[in-house]
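Novice: Encoded as structure tokens, here's the structure I'll be asking about.
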Amino acid sequence: MFDFDATLPLMAVQFLLLAVLLNAIFYKPLTKVLDDRDNYIRTNEAQARERLSKAEMLAKQYEEQLANARRQSQNLIAIAQDDARKIGATKIAEAQKEAQAQREQAQSEIDRQKQEAMQRLEEQVDSLSRQILEKLLGPELVNR
Amino acid sequence: MLSVLNGLNSLTLASLEVGHHFYWQLGNLKVHGQVFLTSWFVIGLLVVASLLATRNIQRIPSGIQNFMEYALEFIRDLAKNQLGEKDYRPWVPFIGTLFLFIFVSNWSGALIPWKLLRLPEGELAAPTNDINTTVALALLTSLAYFYAGFSKRGLGYFKKYIEPTPILLPIAILEDFTKPLSLSFRLFGNILADELVVAVLVLLVPLFVPLPVMALGLFTSAIQALVFATLAAAYIHEAMEGHGGEEHEDHSH
């Protein structure tokens, strides 16, 4: 069980050769791959982080712009509503004034025509009453 | 125990051999052939998996590349946890290869029925159940942490032997021997014991009963690989940082 012989040094040499061989065909290439991949991932991650921060900045900027635009539009709407209210008020006032004027004109016309009619009526009253008198009393009596 | 097991060999279905080796003669050196055969299988598996994973490298991994990247990240985390962010990179291949080699060896021993392939003598098993393999790995770990200490701190490395107090010098020196000893024997003992337990259970009750023990064996195999790699990394870290003060200093910035 414990017989040492040339197996020992030969095995040691063989093992060292194996280590050298595996270093050439296994450790070195795969370590390089792992390191390359680490680098690749690290740079990609850094780039992605940069892009993300840029995108976030842009989003913030856009949001600010959006808020500004919204504020401006609200201002515009308020101004427009104000204007519309003013215009409406003046229009209504004008219309009322006009209506008032027309009514007054119509009133005066009516009054004038009433006056005329009354005048004409009064004129006719005399002749009619004379005619009535003539009819009742006879013309001789009347024209005396 | 071994004689009992060997005695059982002759009359049962499953066989169990410890201490029998398939010797190869290289000049006037003897080597354990079965250990090399399975270790070549393990090495081949690792190399093929690595080649498949890196054959067509994509930024978005899939399939085998994904799996091997997961393995690599596991190893890197292990090394990083022990050695710290600053120093871990040069040690990833050593610690990672320790982990992968031991892990695949252990699991190949637990999952692949090596024993169905007959050898003239001895039997195929996980490379880590041979003491030569584990001692080789442990001695390499010792060399690694000495190298780490010297390259990082120069001759100041020796200060760690007398650092808190020179009284502990014998213990500090002893530590350098116990570290590889414990590393190698822990791995060797665990893997061998696991295979023995499974083999003995198979001897006694051939069907189904050994399954839970085999599952437990998979678990301990993985844990042993993790423990070996983690301890190796911890020793290297200790050699680079020294005891006490400097370590806290280093962690504070």
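Ligands are numbered from 1 in the order shown, residues from 1 within each chain, and chains are lettered A, B, ... in the order they appear in the structure tokens.
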DSSP says strand (DSSP E or B) for which residues of range 9-234 of chain B? Put them as an NGL selection string?
Specialist: :B and (23-26 or 29-32)
Novice: What would the file look like if the residues just selected were written as a compact mmCIF listing (two decimals), in the first residue's frame with N, CA and C atoms?
Specialist:
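Once written, again_34.txt looks like this:
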```
# COMPACT_ATOMS: atom_id res chain seq x y z
N TYR B 23 2.97 -3.32 -12.59
CA TYR B 23 4.25 -2.62 -12.68
C TYR B 23 4.69 -2.47 -14.13
N TRP B 24 5.21 -1.28 -14.41
CA TRP B 24 5.91 -1.07 -15.66
C TRP B 24 7.37 -0.84 -15.32
N GLN B 25 8.24 -1.34 -16.15
CA GLN B 25 9.67 -1.17 -15.91
C GLN B 25 10.19 -0.12 -16.89
N LEU B 26 10.67 1.02 -16.34
CA LEU B 26 11.29 2.03 -17.19
C LEU B 26 12.76 2.08 -16.83
N LEU B 29 13.68 1.79 -13.27
CA LEU B 29 12.66 2.36 -12.40
C LEU B 29 11.38 1.55 -12.56
N LYS B 30 10.68 1.43 -11.42
CA LYS B 30 9.38 0.76 -11.48
C LYS B 30 8.29 1.81 -11.32
N VAL B 31 7.28 1.74 -12.13
CA VAL B 31 6.15 2.64 -11.94
C VAL B 31 4.86 1.83 -11.91
N HIS B 32 3.84 2.44 -11.30
CA HIS B 32 2.54 1.77 -11.21
C HIS B 32 1.74 2.09 -12.47
```
Novice: List the neighbours of Val42 in chain B out to 8 Å using only C-alpha atoms; skip same-chain residues closer than 4 positions along the sequence, and give me the result as a PyMOL selection string.
Specialist: chain B and resi 38+46+101+104-105+108
Novice: Looking at only C-alpha atoms, which of B:Leu204, B:Leu140, B:Ala125, B:Ala232 is the one that sits closest to chain A?
Specialist: B:Leu140
Novice: Contacts between chain B and chain A, please, where a residue of chain A counts if it comes within 10 Å (with only C-alpha atoms); show its shortest atom pair and distance in Å to one decimal, rows by chain and ascending number, as a Markdown table.
Specialist:
```
| residue | atom | partner | partner_atom | distance |
| --- | --- | --- | --- | --- |
| A:Met1 | CA | B:Gly19 | CA | 4.4 |
| A:Phe2 | CA | B:Ile131 | CA | 6.3 |
| A:Asp3 | CA | B:Ile131 | CA | 7.9 |
| A:Phe4 | CA | B:Asn132 | CA | 6.0 |
| A:Asp5 | CA | B:Lys30 | CA | 6.2 |
| A:Ala6 | CA | B:Val31 | CA | 5.3 |
| A:Thr7 | CA | B:Val31 | CA | 4.7 |
| A:Leu8 | CA | B:Asn132 | CA | 4.6 |
| A:Pro9 | CA | B:Ala136 | CA | 6.6 |
| A:Leu10 | CA | B:Val31 | CA | 8.5 |
| A:Met11 | CA | B:Thr133 | CA | 6.1 |
| A:Ala12 | CA | B:Ala136 | CA | 5.1 |
| A:Val13 | CA | B:Ala136 | CA | 8.8 |
| A:Gln14 | CA | B:Ser39 | CA | 9.1 |
| A:Phe15 | CA | B:Leu137 | CA | 7.8 |
| A:Leu16 | CA | B:Phe94 | CA | 8.2 |
| A:Leu18 | CA | B:Ile43 | CA | 7.1 |
| A:Ala19 | CA | B:Thr97 | CA | 5.6 |
| A:Val20 | CA | B:Pro93 | CA | 7.7 |
| A:Leu21 | CA | B:Val47 | CA | 8.0 |
| A:Leu22 | CA | B:Val47 | CA | 6.9 |
| A:Asn23 | CA | B:Pro93 | CA | 5.7 |
| A:Ala24 | CA | B:Pro93 | CA | 9.4 |
| A:Ile25 | CA | B:Ser50 | CA | 6.2 |
| A:Phe26 | CA | B:Ser50 | CA | 5.2 |
| A:Tyr27 | CA | B:Pro93 | CA | 6.4 |
| A:Lys28 | CA | B:Pro93 | CA | 8.7 |
| A:Pro29 | CA | B:Thr54 | CA | 6.9 |
| A:Leu30 | CA | B:Glu69 | CA | 6.6 |
| A:Thr31 | CA | B:Leu72 | CA | 7.7 |
| A:Val33 | CA | B:Arg59 | CA | 7.1 |
| A:Leu34 | CA | B:Glu69 | CA | 7.8 |
| A:Asp36 | CA | B:Arg59 | CA | 8.4 |
| A:Arg37 | CA | B:Arg59 | CA | 6.6 |
| A:Tyr40 | CA | B:Arg59 | CA | 9.3 |
```
Novice: I'd like the neighbourhood of Leu201 in chain B as a list in words, where a residue qualifies if any of its atoms comes within 10 Å (using only C-alpha atoms), though same-chain residues fewer than 6 positions away should be ignored.
Specialist: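 With the cut-off at 10 Å, the set is Ala14, Glu195, Leu207, Phe208, Val209, Pro210, Leu211, Val213 and Met214 of chain B.
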Novice: Write the residues of the preceding selection, restricted to N, CA and C atoms, as a compact mmCIF listing (two decimals), in the first residue's frame.
Specialist:
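Final file, selection_29.txt:
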```txt
# COMPACT_ATOMS: atom_id res chain seq x y z
N ALA B 14 -17.01 -10.52 -6.42
CA ALA B 14 -16.24 -9.29 -6.52
C ALA B 14 -14.89 -9.51 -5.86
N GLU B 195 -13.31 3.39 -1.52
CA GLU B 195 -13.36 2.27 -2.46
C GLU B 195 -13.40 0.95 -1.71
N LEU B 207 -26.16 -6.44 -4.41
CA LEU B 207 -27.10 -5.56 -5.11
C LEU B 207 -27.65 -4.47 -4.20
N PHE B 208 -27.77 -3.26 -4.74
CA PHE B 208 -28.51 -2.14 -4.17
C PHE B 208 -27.99 -1.61 -2.85
N VAL B 209 -27.64 -2.49 -1.92
CA VAL B 209 -27.22 -2.01 -0.60
C VAL B 209 -26.01 -1.09 -0.69
N PRO B 210 -25.04 -1.35 -1.56
CA PRO B 210 -23.89 -0.43 -1.61
C PRO B 210 -24.21 0.93 -2.21
N LEU B 211 -25.38 1.07 -2.84
CA LEU B 211 -25.67 2.33 -3.55
C LEU B 211 -25.58 3.57 -2.67
N VAL B 213 -23.85 4.04 -0.06
CA VAL B 213 -22.44 4.26 0.27
C VAL B 213 -21.71 4.83 -0.94
N MET B 214 -22.11 4.37 -2.13
CA MET B 214 -21.49 4.92 -3.34
C MET B 214 -21.83 6.39 -3.49
```
Novice: Might you pull out every residue within 6 Å of range 221-226 of chain B, with only C-alpha atoms counted and same-chain residues fewer than 3 positions away left off, and present them as a ChimeraX atom specification?
Specialist: /B:99,102-103,106,217-218,229-230
Novice: Would you mind telling me which residue in B:Leu187, B:Ser151, B:Gly63, B:Phe22 lies nearest to Pro120 in chain B when using only C-alpha atoms?
Specialist: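 Answer, going by the shortest atom-to-atom distance: B:Phe22.
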Novice: Kindly give the distance, in Å, that separates CA of Ile191 in chain B and CA of Ala110 in chain B, rounded to a single decimal.
Specialist: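 Value for the CA of Ile191 in chain B-CA of Ala110 in chain B distance: 9.0 Å.
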Novice: For Tyr157 in chain B, which residue out of B:Leu37, B:Ile171, B:Asn56, B:Glu238 is the nearest one, using only C-alpha atoms?
Specialist: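 Among B:Leu37, B:Ile171, B:Asn56, B:Glu238, it is B:Glu238 that comes nearest to Tyr157 in chain B.
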Novice: Considering only C-alpha atoms, return as an NGL selection string whatever protein or nucleic-acid residues lie within 12 Å of Gly84 in chain B, sequence-local ones (same chain, fewer than 3 positions apart) excluded.
Specialist: :B and (76-81 or 87-92 or 233-234 or 236-238 or 240-241 or 247 or 250-251 or 253)
Novice: If DSSP is run on the backbone, what residues of range 40-81 of chain B are alpha helix (DSSP H)? A reply as a ChimeraX atom specification would be ideal.
Specialist: /B:40-55,63-81
Novice: What is the distance, in Å and to one decimal place, between CA of Asp194 in chain B and CA of Phe67 in chain B?
Specialist: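 Answer for the CA of Asp194 in chain B to CA of Phe67 in chain B separation: 27.5 Å.
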